[in-house]
$ cat start.txt   # compact mmCIF, C-alpha atoms
# COMPACT_ATOMS: atom_id res chain seq x y z
CA MET A 1 52.52 34.56 -11.60
CA ASP A 2 49.37 32.97 -10.14
CA SER A 3 49.68 30.30 -7.46
CA TYR A 4 47.25 27.86 -5.83
CA LEU A 5 46.67 27.23 -2.15
CA ILE A 6 45.05 23.85 -1.40
CA GLN A 7 43.45 23.28 1.99
CA VAL A 8 42.27 19.90 3.20
CA ASN A 9 39.23 20.20 5.46
CA GLY A 10 37.73 17.18 7.17
CA ARG A 11 37.26 15.43 10.46
CA GLY A 12 35.77 12.33 11.99
CA ASP A 13 33.90 10.07 9.61
CA HIS A 14 33.68 12.67 6.86
CA ALA A 15 35.85 12.45 3.78
CA PRO A 16 38.35 15.32 3.34
CA VAL A 17 37.19 18.21 1.20
CA LEU A 18 39.68 20.01 -1.05
CA ASP A 19 39.26 23.78 -1.09
CA VAL A 20 41.22 25.35 -3.96
CA HIS A 21 41.98 29.08 -3.71
CA LEU A 22 43.41 30.92 -6.70
CA LYS A 23 46.01 33.39 -5.40
CA SER A 24 47.55 36.16 -7.38
CA PRO A 25 49.24 39.39 -6.30
CA GLY A 26 46.67 41.58 -4.63
CA ASN A 27 43.78 39.30 -5.54
CA THR A 28 42.16 36.27 -3.99
CA ILE A 29 39.09 34.61 -5.50
CA SER A 30 37.16 32.95 -2.76
CA PRO A 31 35.60 29.48 -3.23
CA GLY A 32 32.23 29.44 -4.93
CA LYS A 33 32.72 32.70 -6.82
CA ALA A 34 33.58 32.85 -10.47
CA LYS A 35 34.00 35.75 -12.90
CA GLY A 36 30.80 36.83 -14.61
CA ARG A 37 28.49 35.09 -12.14
CA LYS A 38 26.26 37.13 -9.90
CA PRO A 39 25.30 35.02 -6.87
CA ARG A 40 21.57 34.76 -6.24
CA TRP A 41 19.21 32.45 -4.40
CA ALA A 42 17.50 29.98 -6.73
CA VAL A 43 16.29 27.10 -4.55
CA ARG A 44 13.51 25.12 -6.22
CA ALA A 45 11.70 21.91 -5.39
CA SER A 46 12.89 18.92 -7.41
CA GLU A 47 10.92 17.56 -10.35
CA MET A 48 10.44 14.32 -8.39
CA SER A 49 8.82 16.16 -5.51
CA LYS A 50 6.55 18.05 -7.92
CA LYS A 51 5.42 14.78 -9.49
CA THR A 52 4.67 13.18 -6.12
CA PHE A 53 0.93 13.15 -5.57
CA ASN A 54 -1.12 11.13 -3.09
CA PRO A 55 -4.76 11.02 -4.25
CA VAL A 56 -6.03 9.99 -0.81
CA ARG A 57 -4.42 12.96 0.91
CA ALA A 58 -5.44 15.31 -1.89
CA ILE A 59 -9.09 14.31 -1.57
CA VAL A 60 -9.27 13.96 2.20
CA ASP A 61 -7.39 17.20 2.86
CA SER A 62 -9.80 19.06 0.58
CA MET A 63 -12.85 17.76 2.49
CA LYS A 64 -13.46 20.89 4.57
CA VAL A 65 -16.19 19.50 6.75
CA GLU A 66 -16.81 19.34 10.49
CA PRO A 67 -18.42 16.30 12.13
CA ASN A 68 -21.74 16.57 13.90
CA PRO A 69 -20.85 17.87 17.40
CA LYS A 70 -23.77 15.93 18.87
CA LYS A 71 -22.33 12.56 17.78
CA ALA A 72 -18.97 11.01 18.60
CA MET A 73 -16.77 10.58 15.56
CA ILE A 74 -16.46 7.06 14.14
CA SER A 75 -13.59 6.88 11.67
CA LEU A 76 -13.76 3.92 9.29
CA SER A 77 -11.19 5.44 6.95
CA LEU A 78 -7.70 4.50 8.10
CA GLY A 79 -6.20 1.08 7.33
CA ASP A 80 -4.35 0.91 10.64
CA PRO A 81 -5.54 -2.01 12.81
CA THR A 82 -4.01 -0.49 15.97
CA VAL A 83 -6.09 2.71 16.09
CA PHE A 84 -8.93 1.55 18.34
CA GLY A 85 -6.92 -0.73 20.64
CA ASN A 86 -9.19 -3.73 20.13
CA LEU A 87 -6.60 -5.60 18.01
CA PRO A 88 -3.32 -5.66 19.97
CA THR A 89 -0.40 -7.71 18.75
CA ASN A 90 0.51 -10.93 20.53
CA ASP A 91 2.60 -10.91 23.72
CA GLU A 92 5.18 -13.15 22.03
CA VAL A 93 5.72 -10.46 19.39
CA THR A 94 6.39 -7.68 21.88
CA ARG A 95 8.45 -10.00 24.10
CA ALA A 96 10.72 -10.82 21.16
CA VAL A 97 11.53 -7.14 20.63
CA LYS A 98 12.06 -6.54 24.35
CA GLU A 99 14.57 -9.39 24.49
CA VAL A 100 16.52 -7.91 21.59
CA LEU A 101 16.45 -4.45 23.15
CA ASP A 102 17.71 -5.78 26.49
CA SER A 103 20.48 -7.76 24.79
CA GLY A 104 22.05 -4.64 23.30
CA GLN A 105 23.18 -6.71 20.31
CA CYS A 106 21.21 -4.97 17.57
CA ASN A 107 21.99 -1.30 18.13
CA GLY A 108 24.36 -0.85 15.21
CA TYR A 109 24.05 -0.85 11.45
CA ALA A 110 22.95 -4.02 9.69
CA PRO A 111 23.70 -4.89 6.07
CA SER A 112 21.46 -2.80 3.81
CA VAL A 113 19.54 -5.91 2.71
CA GLY A 114 19.12 -7.09 6.32
CA TYR A 115 20.88 -9.46 8.67
CA GLN A 116 21.68 -12.78 7.04
CA SER A 117 20.00 -14.72 9.86
CA CYS A 118 16.80 -12.68 9.42
CA ARG A 119 16.75 -13.23 5.66
CA GLU A 120 17.17 -16.95 6.34
CA ALA A 121 14.23 -16.84 8.78
CA VAL A 122 11.92 -15.13 6.26
CA ALA A 123 13.00 -17.50 3.48
CA ALA A 124 12.29 -20.53 5.70
CA TYR A 125 8.90 -19.14 6.75
CA TYR A 126 7.67 -18.55 3.19
CA ASN A 127 9.47 -21.40 1.45
CA CYS A 128 7.17 -23.93 -0.23
CA PRO A 129 7.66 -26.63 -2.89
CA GLY A 130 6.00 -24.52 -5.57
CA ALA A 131 8.07 -21.46 -4.75
CA PRO A 132 11.37 -22.36 -3.05
CA LEU A 133 13.26 -19.57 -1.30
CA GLN A 134 16.74 -19.09 0.10
CA ALA A 135 18.25 -16.20 2.06
CA GLN A 136 19.64 -14.59 -1.10
CA ASP A 137 16.05 -14.37 -2.41
CA VAL A 138 15.02 -12.02 0.45
CA ILE A 139 15.58 -8.27 0.74
CA LEU A 140 14.43 -6.72 4.04
CA THR A 141 12.91 -3.26 3.75
CA SER A 142 11.44 -0.46 5.84
CA GLY A 143 7.86 -1.64 5.61
CA CYS A 144 5.98 -3.09 2.67
CA SER A 145 5.64 0.36 1.14
CA GLN A 146 9.39 0.58 0.70
CA ALA A 147 9.42 -2.95 -0.69
CA ILE A 148 6.96 -1.80 -3.36
CA GLU A 149 9.04 1.30 -4.04
CA LEU A 150 12.25 -0.71 -4.51
CA ALA A 151 10.49 -3.28 -6.69
CA LEU A 152 9.09 -0.55 -8.94
CA ALA A 153 12.43 1.25 -9.06
CA VAL A 154 14.31 -1.87 -10.15
CA LEU A 155 11.77 -2.97 -12.78
CA ALA A 156 10.75 0.27 -14.48
CA ASN A 157 12.47 3.26 -16.05
CA PRO A 158 11.03 6.74 -16.62
CA GLY A 159 8.88 6.62 -19.75
CA GLN A 160 7.81 3.03 -19.21
CA ASN A 161 4.40 2.04 -17.84
CA ILE A 162 3.05 -0.28 -15.16
CA LEU A 163 -0.35 -1.97 -14.93
CA VAL A 164 -2.24 -1.10 -11.73
CA PRO A 165 -5.63 -2.35 -10.44
CA ARG A 166 -8.69 -0.10 -10.38
CA PRO A 167 -9.81 0.20 -7.63
CA GLY A 168 -6.39 -0.08 -6.09
CA PHE A 169 -4.04 1.10 -3.36
CA SER A 170 -3.15 4.72 -4.12
CA LEU A 171 0.56 4.36 -3.26
CA TYR A 172 1.27 2.56 -6.55
CA LYS A 173 0.35 5.66 -8.53
CA THR A 174 2.05 8.01 -6.07
CA LEU A 175 5.37 6.16 -6.37
CA ALA A 176 5.19 5.58 -10.12
CA LEU A 177 4.41 9.16 -11.10
CA SER A 178 7.18 10.50 -8.87
CA MET A 179 9.59 8.26 -10.81
CA GLY A 180 8.32 9.36 -14.21
CA ILE A 181 6.58 6.02 -14.80
CA GLU A 182 3.19 6.00 -16.53
CA VAL A 183 0.29 4.24 -14.79
CA LYS A 184 -2.24 2.20 -16.78
CA LEU A 185 -5.31 1.18 -14.80
CA TYR A 186 -6.90 -2.23 -15.39
CA ASN A 187 -10.43 -2.87 -14.17
CA LEU A 188 -11.59 -5.10 -11.34
CA LEU A 189 -15.15 -6.41 -11.57
CA PRO A 190 -17.38 -5.92 -8.50
CA GLU A 191 -20.00 -8.31 -9.89
CA LYS A 192 -17.32 -11.03 -9.88
CA SER A 193 -16.06 -10.33 -6.35
CA TRP A 194 -13.46 -7.94 -7.76
CA GLU A 195 -11.76 -10.39 -10.12
CA ILE A 196 -9.55 -8.84 -12.80
CA ASP A 197 -11.06 -8.03 -16.18
CA LEU A 198 -8.44 -10.14 -17.96
CA GLU A 199 -9.33 -8.97 -21.45
CA HIS A 200 -8.99 -5.34 -20.42
CA LEU A 201 -5.74 -6.10 -18.60
CA GLU A 202 -4.15 -7.72 -21.63
CA SER A 203 -5.29 -4.93 -23.96
CA LEU A 204 -3.18 -2.44 -21.98
CA VAL A 205 0.15 -4.23 -22.48
CA ASP A 206 2.57 -2.63 -24.93
CA GLU A 207 6.30 -2.59 -25.58
CA LYS A 208 6.83 -0.11 -22.74
CA THR A 209 5.07 -2.18 -20.05
CA ALA A 210 7.55 -2.88 -17.25
CA CYS A 211 5.43 -4.87 -14.80
CA LEU A 212 1.97 -5.90 -13.65
CA ILE A 213 0.94 -5.17 -10.05
CA VAL A 214 -1.30 -7.82 -8.50
CA ASN A 215 -2.69 -7.02 -5.04
CA ASN A 216 -4.12 -10.11 -3.36
CA PRO A 217 -5.82 -10.05 -0.85
CA SER A 218 -6.93 -6.59 -1.88
CA ASN A 219 -6.90 -3.13 -0.42
CA PRO A 220 -9.46 -1.55 -0.84
CA CYS A 221 -11.70 -4.42 -1.94
CA GLY A 222 -11.18 -7.13 0.69
CA SER A 223 -11.25 -9.65 -2.16
CA VAL A 224 -9.23 -12.86 -2.41
CA PHE A 225 -8.45 -14.38 -5.79
CA SER A 226 -9.09 -18.08 -6.37
CA LYS A 227 -6.35 -20.40 -7.52
CA SER A 228 -7.90 -20.65 -11.00
CA HIS A 229 -8.10 -16.86 -11.37
CA LEU A 230 -4.47 -16.47 -10.31
CA GLN A 231 -3.53 -19.02 -12.95
CA GLU A 232 -5.42 -16.97 -15.54
CA ILE A 233 -3.49 -13.87 -14.49
CA LEU A 234 -0.21 -15.76 -14.78
CA ALA A 235 -1.21 -16.92 -18.26
CA VAL A 236 -1.59 -13.30 -19.37
CA ALA A 237 1.76 -12.35 -17.85
CA SER A 238 3.42 -15.35 -19.47
CA ARG A 239 1.98 -14.63 -22.93
CA GLN A 240 3.03 -11.00 -22.75
CA CYS A 241 6.38 -11.63 -20.99
CA VAL A 242 5.55 -9.13 -18.24
CA PRO A 243 6.96 -9.69 -14.73
CA ILE A 244 4.66 -9.40 -11.70
CA LEU A 245 4.98 -7.22 -8.64
CA ALA A 246 2.79 -9.02 -6.09
CA ASP A 247 1.59 -6.90 -3.18
CA GLU A 248 0.81 -9.61 -0.64
CA ILE A 249 0.92 -7.60 2.59
CA TYR A 250 -2.47 -9.14 3.50
CA GLY A 251 -1.29 -12.66 2.64
CA ASP A 252 -2.93 -15.32 4.84
CA MET A 253 -5.44 -12.73 6.15
CA VAL A 254 -8.38 -14.56 4.61
CA PHE A 255 -11.59 -15.76 6.16
CA ALA A 256 -12.26 -19.42 7.01
CA ASP A 257 -14.33 -20.16 3.91
CA CYS A 258 -11.52 -19.01 1.60
CA LYS A 259 -7.94 -20.04 0.81
CA TYR A 260 -4.99 -17.77 0.14
CA GLU A 261 -2.59 -18.82 -2.62
CA PRO A 262 0.71 -16.92 -3.00
CA ILE A 263 0.84 -16.23 -6.72
CA ALA A 264 4.48 -17.34 -6.95
CA SER A 265 3.52 -20.83 -5.76
CA LEU A 266 1.49 -21.25 -8.97
CA SER A 267 4.05 -19.88 -11.41
CA THR A 268 6.51 -21.97 -13.36
CA ASN A 269 7.95 -19.29 -15.60
CA VAL A 270 6.72 -15.78 -14.71
CA PRO A 271 9.29 -13.94 -12.56
CA ILE A 272 7.72 -12.34 -9.48
CA LEU A 273 8.76 -9.87 -6.82
CA SER A 274 6.46 -10.51 -3.85
CA CYS A 275 6.19 -7.70 -1.29
CA GLY A 276 5.05 -8.34 2.28
CA GLY A 277 5.77 -7.49 5.89
CA LEU A 278 4.72 -7.58 9.53
CA ALA A 279 2.33 -4.62 9.41
CA LYS A 280 -1.08 -6.22 8.98
CA ARG A 281 -0.95 -9.89 9.92
CA TRP A 282 1.05 -9.18 13.07
CA LEU A 283 -0.76 -5.86 13.71
CA VAL A 284 2.37 -3.70 14.02
CA PRO A 285 2.39 -1.29 11.03
CA GLY A 286 4.51 1.26 12.88
CA TRP A 287 7.41 -1.15 13.26
CA ARG A 288 8.23 -0.73 9.56
CA MET A 289 9.39 -4.21 8.71
CA GLY A 290 8.84 -5.45 5.18
CA TRP A 291 10.48 -7.66 2.60
CA ILE A 292 10.80 -8.52 -1.06
CA LEU A 293 10.78 -12.19 -2.01
CA ILE A 294 12.48 -12.85 -5.35
CA HIS A 295 10.87 -15.71 -7.29
CA ASP A 296 12.76 -16.41 -10.50
CA ARG A 297 12.73 -20.12 -11.29
CA ARG A 298 13.71 -19.60 -14.94
CA ASP A 299 16.48 -17.11 -14.12
CA ILE A 300 14.74 -14.39 -16.14
CA PHE A 301 15.63 -11.67 -13.63
CA GLY A 302 19.15 -13.06 -13.43
CA ASN A 303 21.80 -11.22 -11.45
CA GLU A 304 20.85 -7.83 -12.85
CA ILE A 305 17.58 -7.45 -10.92
CA ARG A 306 19.06 -8.94 -7.75
CA ASP A 307 22.09 -6.66 -7.89
CA GLY A 308 19.83 -3.72 -8.65
CA LEU A 309 17.74 -4.40 -5.54
CA VAL A 310 20.88 -4.60 -3.41
CA ARG A 311 22.12 -1.26 -4.75
CA LEU A 312 18.73 0.39 -4.22
CA SER A 313 18.53 -0.94 -0.66
CA GLN A 314 21.78 0.87 0.12
CA ARG A 315 19.98 4.19 -0.13
CA ILE A 316 18.59 3.87 3.41
CA LEU A 317 20.77 1.12 4.92
CA GLY A 318 17.97 -1.26 5.79
CA PRO A 319 15.05 -1.40 8.23
CA CYS A 320 15.04 -1.13 12.03
CA THR A 321 17.64 -3.48 13.51
CA LEU A 322 15.69 -4.10 16.73
CA VAL A 323 12.76 -5.54 14.78
CA GLN A 324 15.16 -7.45 12.55
CA GLY A 325 16.73 -9.04 15.60
CA ALA A 326 13.30 -10.15 16.80
CA LEU A 327 12.07 -11.31 13.41
CA GLU A 328 12.89 -15.02 13.67
CA ARG A 329 11.17 -15.26 17.06
CA ILE A 330 8.16 -13.30 15.80
CA LEU A 331 7.72 -15.62 12.83
CA HIS A 332 8.14 -18.83 14.79
CA ARG A 333 6.82 -18.05 18.28
CA THR A 334 3.57 -16.29 17.43
CA PRO A 335 0.86 -18.83 18.32
CA PRO A 336 -1.67 -19.86 15.64
CA GLU A 337 -4.51 -18.82 17.94
CA PHE A 338 -3.45 -15.19 17.59
CA TYR A 339 -3.95 -15.21 13.81
CA GLN A 340 -7.21 -17.14 14.17
CA ASN A 341 -8.58 -14.68 16.72
CA THR A 342 -7.75 -11.68 14.52
CA LEU A 343 -9.46 -13.27 11.53
CA SER A 344 -12.47 -14.26 13.62
CA ILE A 345 -12.98 -10.63 14.66
CA LEU A 346 -12.54 -9.35 11.11
CA LYS A 347 -14.89 -11.97 9.68
CA SER A 348 -17.54 -11.21 12.29
CA ASN A 349 -17.30 -7.47 11.59
CA ALA A 350 -17.39 -8.06 7.84
CA ASP A 351 -20.53 -10.18 8.13
CA LEU A 352 -22.26 -7.66 10.40
CA CYS A 353 -21.35 -4.74 8.17
CA TYR A 354 -22.29 -6.52 4.94
CA ALA A 355 -25.67 -7.64 6.31
CA ALA A 356 -26.51 -4.20 7.72
CA LEU A 357 -25.51 -2.24 4.63
CA SER A 358 -27.17 -4.73 2.24
CA ALA A 359 -30.50 -3.90 3.87
CA ILE A 360 -30.17 -0.17 3.14
CA PRO A 361 -31.87 1.01 -0.07
CA GLY A 362 -29.39 2.71 -2.39
CA LEU A 363 -26.29 0.85 -1.17
CA GLN A 364 -24.65 -2.18 -2.78
CA PRO A 365 -21.88 -3.64 -0.59
CA VAL A 366 -19.59 -6.28 -2.06
CA ARG A 367 -18.93 -9.13 0.38
CA PRO A 368 -15.22 -9.31 1.33
CA ALA A 369 -13.26 -12.54 1.73
CA GLY A 370 -10.21 -11.23 3.58
CA ALA A 371 -7.97 -8.29 4.47
CA MET A 372 -9.56 -5.46 6.49
CA TYR A 373 -11.95 -3.71 4.13
CA LEU A 374 -15.35 -3.70 2.50
CA MET A 375 -16.37 -1.70 -0.59
CA VAL A 376 -19.87 -0.27 -0.87
CA GLY A 377 -21.48 0.89 -4.09
CA ILE A 378 -23.68 3.99 -4.00
CA GLU A 379 -26.66 4.07 -6.38
CA MET A 380 -26.13 7.74 -7.07
CA GLU A 381 -29.38 8.09 -9.02
CA HIS A 382 -31.19 7.56 -5.72
CA PHE A 383 -29.20 10.31 -4.00
CA PRO A 384 -29.60 13.11 -6.55
CA GLU A 385 -28.61 15.91 -4.16
CA PHE A 386 -25.03 14.56 -4.12
CA GLU A 387 -22.87 15.01 -7.18
CA ASN A 388 -20.50 12.13 -6.40
CA ASP A 389 -19.10 9.82 -3.72
CA VAL A 390 -16.93 12.59 -2.27
CA GLU A 391 -19.98 14.76 -1.55
CA PHE A 392 -21.85 11.73 -0.21
CA THR A 393 -19.08 10.91 2.30
CA GLU A 394 -18.62 14.57 3.24
CA ARG A 395 -22.26 14.87 4.23
CA LEU A 396 -22.06 11.54 6.06
CA ILE A 397 -19.37 13.13 8.23
CA SER A 398 -21.17 16.41 8.83
CA GLU A 399 -24.52 14.80 9.64
CA GLN A 400 -23.61 11.48 11.25
CA SER A 401 -19.92 11.82 12.24
CA VAL A 402 -19.04 8.66 10.30
CA PHE A 403 -15.94 8.90 8.13
CA CYS A 404 -15.57 6.46 5.24
CA LEU A 405 -13.13 7.00 2.38
CA PRO A 406 -14.75 7.90 -0.95
CA ALA A 407 -13.56 5.39 -3.52
CA THR A 408 -12.51 8.22 -5.82
CA CYS A 409 -9.36 7.90 -3.70
CA PHE A 410 -8.89 4.50 -5.36
CA GLU A 411 -9.82 5.67 -8.89
CA TYR A 412 -13.30 4.13 -8.53
CA PRO A 413 -16.07 6.72 -8.14
CA ASN A 414 -19.51 6.11 -6.63
CA PHE A 415 -18.27 3.64 -4.02
CA PHE A 416 -16.89 4.10 -0.52
CA ARG A 417 -14.55 1.94 1.58
CA VAL A 418 -15.25 0.77 5.11
CA VAL A 419 -12.46 -0.36 7.45
CA ILE A 420 -13.64 -3.32 9.55
CA THR A 421 -10.98 -3.34 12.29
CA VAL A 422 -13.11 -1.44 14.81
CA SER A 423 -15.07 -3.04 17.64
CA GLU A 424 -18.37 -4.81 17.00
CA GLU A 425 -20.24 -2.12 18.94
CA MET A 426 -18.71 0.60 16.77
CA ILE A 427 -19.45 -1.26 13.52
CA LEU A 428 -23.11 -1.61 14.48
CA GLU A 429 -23.39 2.03 15.54
CA ALA A 430 -21.73 3.20 12.31
CA CYS A 431 -24.05 1.07 10.18
CA SER A 432 -27.06 2.40 12.09
CA ARG A 433 -25.97 5.97 11.39
CA ILE A 434 -25.33 5.20 7.71
CA GLN A 435 -28.84 3.76 7.50
CA GLU A 436 -30.31 6.89 9.09
CA PHE A 437 -28.33 9.05 6.65
CA CYS A 438 -29.44 7.08 3.59
CA GLU A 439 -33.07 7.04 4.66
CA MET A 440 -32.92 10.82 5.03
CA HIS A 441 -31.55 11.40 1.53
CA TYR A 442 -32.79 8.43 -0.51
CA GLN A 443 -35.10 9.21 -3.42
CA GLY A 444 -36.99 6.36 -5.06
CA ALA A 445 -37.61 6.25 -8.81
CA GLU A 446 -40.68 8.47 -8.52
CA GLY A 447 -38.98 10.98 -6.23
CA THR A 448 -35.97 11.18 -8.53
CA GLN A 449 -38.18 11.95 -11.54
CA ASP A 450 -39.99 14.68 -9.57
CA MET A 451 -36.69 16.32 -8.70
CA GLU A 452 -35.54 16.17 -12.32
CA CYS A 453 -38.82 17.84 -13.41
CA ASP A 454 -38.32 20.61 -10.86
CA LYS A 455 -34.94 21.50 -12.32
$ encode --input "start.txt" --output "structure tokens"
Amino acid sequence: MDSYLIQVNGRGDHAPVLDVHLKSPGNTISPGKAKGRKPRWAVRASEMSKKTFNPVRAIVDSMKVEPNPKKAMISLSLGDPTVFGNLPTNDEVTRAVKEVLDSGQCNGYAPSVGYQSCREAVAAYYNCPGAPLQAQDVILTSGCSQAIELALAVLANPGQNILVPRPGFSLYKTLALSMGIEVKLYNLLPEKSWEIDLEHLESLVDEKTACLIVNNPSNPCGSVFSKSHLQEILAVASRQCVPILADEIYGDMVFADCKYEPIASLSTNVPILSCGGLAKRWLVPGWRMGWILIHDRRDIFGNEIRDGLVRLSQRILGPCTLVQGALERILHRTPPEFYQNTLSILKSNADLCYAALSAIPGLQPVRPAGAMYLMVGIEMEHFPEFENDVEFTERLISEQSVFCLPATCFEYPNFFRVVITVSEEMILEACSRIQEFCEMHYQGAEGTQDMECDK
């Protein structure tokens, strides 16, 4: 007669594991083996990993080009304001983290949605009459990118679609496709300072549309939507009953002649998940502190979306506790002059870059109003030796050692993006090199025709 031997294995924090051994006279079947099964290795990457695709990395990694060894490299490609050291965070920000570290009070686990006191601090900071917030409306995350990931994951199922700006931040597509969510790209209009083509946007909505992503201020465009345009966007969302995922990581990073309006402050009925964080405004992207603000004045999300966000946040058990502990002091002690100084530098660089590039035949920069970027159109007909913006930017690296991202990375060919967080000296040198490059390769109307005849 067969008998069973049950062993309980486990120690420390790990739950016990039951190992069941089938015992019969003269025969023991070890765990993991079954009759008729021949063990073999069959380890494969998951479907999610196979669907994960970052267009920026795919394009940049394929650019096999060496910079000109005679010229120092100037990289205007990475949206990290800390790279060149000319934009340090404020002393109050670093002091707040040091105080928490020295206290030893934030070394353990926090609730997955963040410390209650920190959620209260964020809610108080962003609360306004048009968009009231309480602690339960805040989910703390590991950077704004995770906030976007959680917001997408709670709003959309595989097989549904989301509406994404073109040009737009590549992470939206990367995250969506990995989750089996279709991406529909709506157009932004460079001739209207990158406003949304509202007619095109609305034409994309169908019964499977889960949400509309609105990025304001914009990466990669540096644009800032007016109050009236935001109201037009909300009108579309309201008519179509589509919730909004608002990527507002560059919120308040607008130049003096412009005003930033959080989209939730203008909404009376459209439910909105607003994603933000410390990365850009406080110049600490590596600290990985973000948040989701839940705006749901008509209770359309209800408990289901809130509970879903809580469950999803439990997958990584919240962001860094040291930065959480410092968050209230960071929000309330950072002096206004710090923000003003950062914006003054960015505005000055934007003006210098726009003026310099506007004077170069064959280039059409679009003046930014905020964030850290400027988009430049390439009149490709005047640069016939280059097939597209990727080739244009590759040759700019090899000849002038200036690295700008081709806007194909943002689904918008024949443009390139310039990051304006570098020093004034470096901006001017980069623009001078770009001018030299364009003058070398520019073909006027007559020259272009001659080349076409030679073919």
$ residues_around --input "start.txt" --residues "region 128-135 of chain A" --least-positions-apart "2" --cutoff "8 Å" --atoms "only C-alpha atoms" --output "PyMOL selection string"
chain A and resi 116+119-124+126+137-138+264-267+293-295
$ atom_distance --input "start.txt" --atom1 "CA of Gln105 (chain A)" --atom2 "CA of Leu327 (chain A)"
13.9 Å
$ atom_distance --input "start.txt" --atom1 "CA of Pro67 (chain A)" --atom2 "CA of Cys438 (chain A)"
16.7 Å
$ residues_near_point --input "start.txt" --point "(-5.5, -4.9, -7.2)" --cutoff "7 Å" --atoms "all atoms listed in the file" --output "PyMOL selection string"
chain A and resi 164-168+214-216+218
$ write_last_selection --input "start.txt" --atoms "C-alpha atoms" --output "PDB file, in the frame of the given file"
ATOM      1  CA  VAL A 164      -2.240  -1.100 -11.730  1.00  0.00           C
ATOM      2  CA  PRO A 165      -5.630  -2.350 -10.440  1.00  0.00           C
ATOM      3  CA  ARG A 166      -8.690  -0.100 -10.380  1.00  0.00           C
ATOM      4  CA  PRO A 167      -9.810   0.200  -7.630  1.00  0.00           C
ATOM      5  CA  GLY A 168      -6.390  -0.080  -6.090  1.00  0.00           C
ATOM      6  CA  VAL A 214      -1.300  -7.820  -8.500  1.00  0.00           C
ATOM      7  CA  ASN A 215      -2.690  -7.020  -5.040  1.00  0.00           C
ATOM      8  CA  ASN A 216      -4.120 -10.110  -3.360  1.00  0.00           C
ATOM      9  CA  SER A 218      -6.930  -6.590  -1.880  1.00  0.00           C
TER      10      SER A 218
END
$ residues_around --input "start.txt" --residues "Cys144 (chain A)" --least-positions-apart "4" --cutoff "10 Å" --atoms "all atoms listed in the file" --output "PDB file with C-alpha atoms, in the coordinates of the input"
ATOM      1  CA  LEU A 140      14.430  -6.720   4.040  1.00  0.00           C
ATOM      2  CA  ILE A 148       6.960  -1.800  -3.360  1.00  0.00           C
ATOM      3  CA  GLU A 149       9.040   1.300  -4.040  1.00  0.00           C
ATOM      4  CA  LEU A 150      12.250  -0.710  -4.510  1.00  0.00           C
ATOM      5  CA  ASP A 247       1.590  -6.900  -3.180  1.00  0.00           C
ATOM      6  CA  GLU A 248       0.810  -9.610  -0.640  1.00  0.00           C
ATOM      7  CA  ILE A 249       0.920  -7.600   2.590  1.00  0.00           C
ATOM      8  CA  SER A 274       6.460 -10.510  -3.850  1.00  0.00           C
ATOM      9  CA  CYS A 275       6.190  -7.700  -1.290  1.00  0.00           C
ATOM     10  CA  GLY A 276       5.050  -8.340   2.280  1.00  0.00           C
ATOM     11  CA  GLY A 277       5.770  -7.490   5.890  1.00  0.00           C
ATOM     12  CA  LEU A 278       4.720  -7.580   9.530  1.00  0.00           C
ATOM     13  CA  ALA A 279       2.330  -4.620   9.410  1.00  0.00           C
ATOM     14  CA  LYS A 280      -1.080  -6.220   8.980  1.00  0.00           C
ATOM     15  CA  PRO A 285       2.390  -1.290  11.030  1.00  0.00           C
ATOM     16  CA  ARG A 288       8.230  -0.730   9.560  1.00  0.00           C
ATOM     17  CA  MET A 289       9.390  -4.210   8.710  1.00  0.00           C
ATOM     18  CA  GLY A 290       8.840  -5.450   5.180  1.00  0.00           C
ATOM     19  CA  TRP A 291      10.480  -7.660   2.600  1.00  0.00           C
ATOM     20  CA  ILE A 292      10.800  -8.520  -1.060  1.00  0.00           C
TER      21      ILE A 292
END
$ residues_around --input "start.txt" --residues "region 313-317 of chain A" --least-positions-apart "3" --cutoff "10 Å" --atoms "all atoms listed in the file" --output "mmCIF file with C-alpha atoms, in the frame of the given file"
data_model
loop_
_atom_site.group_PDB
_atom_site.id
_atom_site.type_symbol
_atom_site.label_atom_id
_atom_site.label_comp_id
_atom_site.auth_asym_id
_atom_site.auth_seq_id
_atom_site.Cartn_x
_atom_site.Cartn_y
_atom_site.Cartn_z
ATOM 1 C CA TYR A 109 24.050 -0.850 11.450
ATOM 2 C CA ALA A 110 22.950 -4.020 9.690
ATOM 3 C CA PRO A 111 23.700 -4.890 6.070
ATOM 4 C CA SER A 112 21.460 -2.800 3.810
ATOM 5 C CA VAL A 113 19.540 -5.910 2.710
ATOM 6 C CA GLY A 114 19.120 -7.090 6.320
ATOM 7 C CA ILE A 139 15.580 -8.270 0.740
ATOM 8 C CA LEU A 140 14.430 -6.720 4.040
ATOM 9 C CA THR A 141 12.910 -3.260 3.750
ATOM 10 C CA SER A 142 11.440 -0.460 5.840
ATOM 11 C CA GLN A 146 9.390 0.580 0.700
ATOM 12 C CA ALA A 147 9.420 -2.950 -0.690
ATOM 13 C CA LEU A 150 12.250 -0.710 -4.510
ATOM 14 C CA ASP A 307 22.090 -6.660 -7.890
ATOM 15 C CA GLY A 308 19.830 -3.720 -8.650
ATOM 16 C CA LEU A 309 17.740 -4.400 -5.540
ATOM 17 C CA VAL A 310 20.880 -4.600 -3.410
ATOM 18 C CA CYS A 320 15.040 -1.130 12.030
#
$ closest_residue --input "start.txt" --among "A:Ser75, A:Thr334, A:Ser203, A:Asn303" --to "Asp91 (chain A)" --atoms "all atoms listed in the file"
A:Thr334
$ residues_around --input "start.txt" --residues "Ala96 (chain A)" --least-positions-apart "3" --cutoff "9 Å" --atoms "all atoms listed in the file" --output "MDAnalysis selection string"
chainID A and resid 91:93 99:101 323 325:330 333
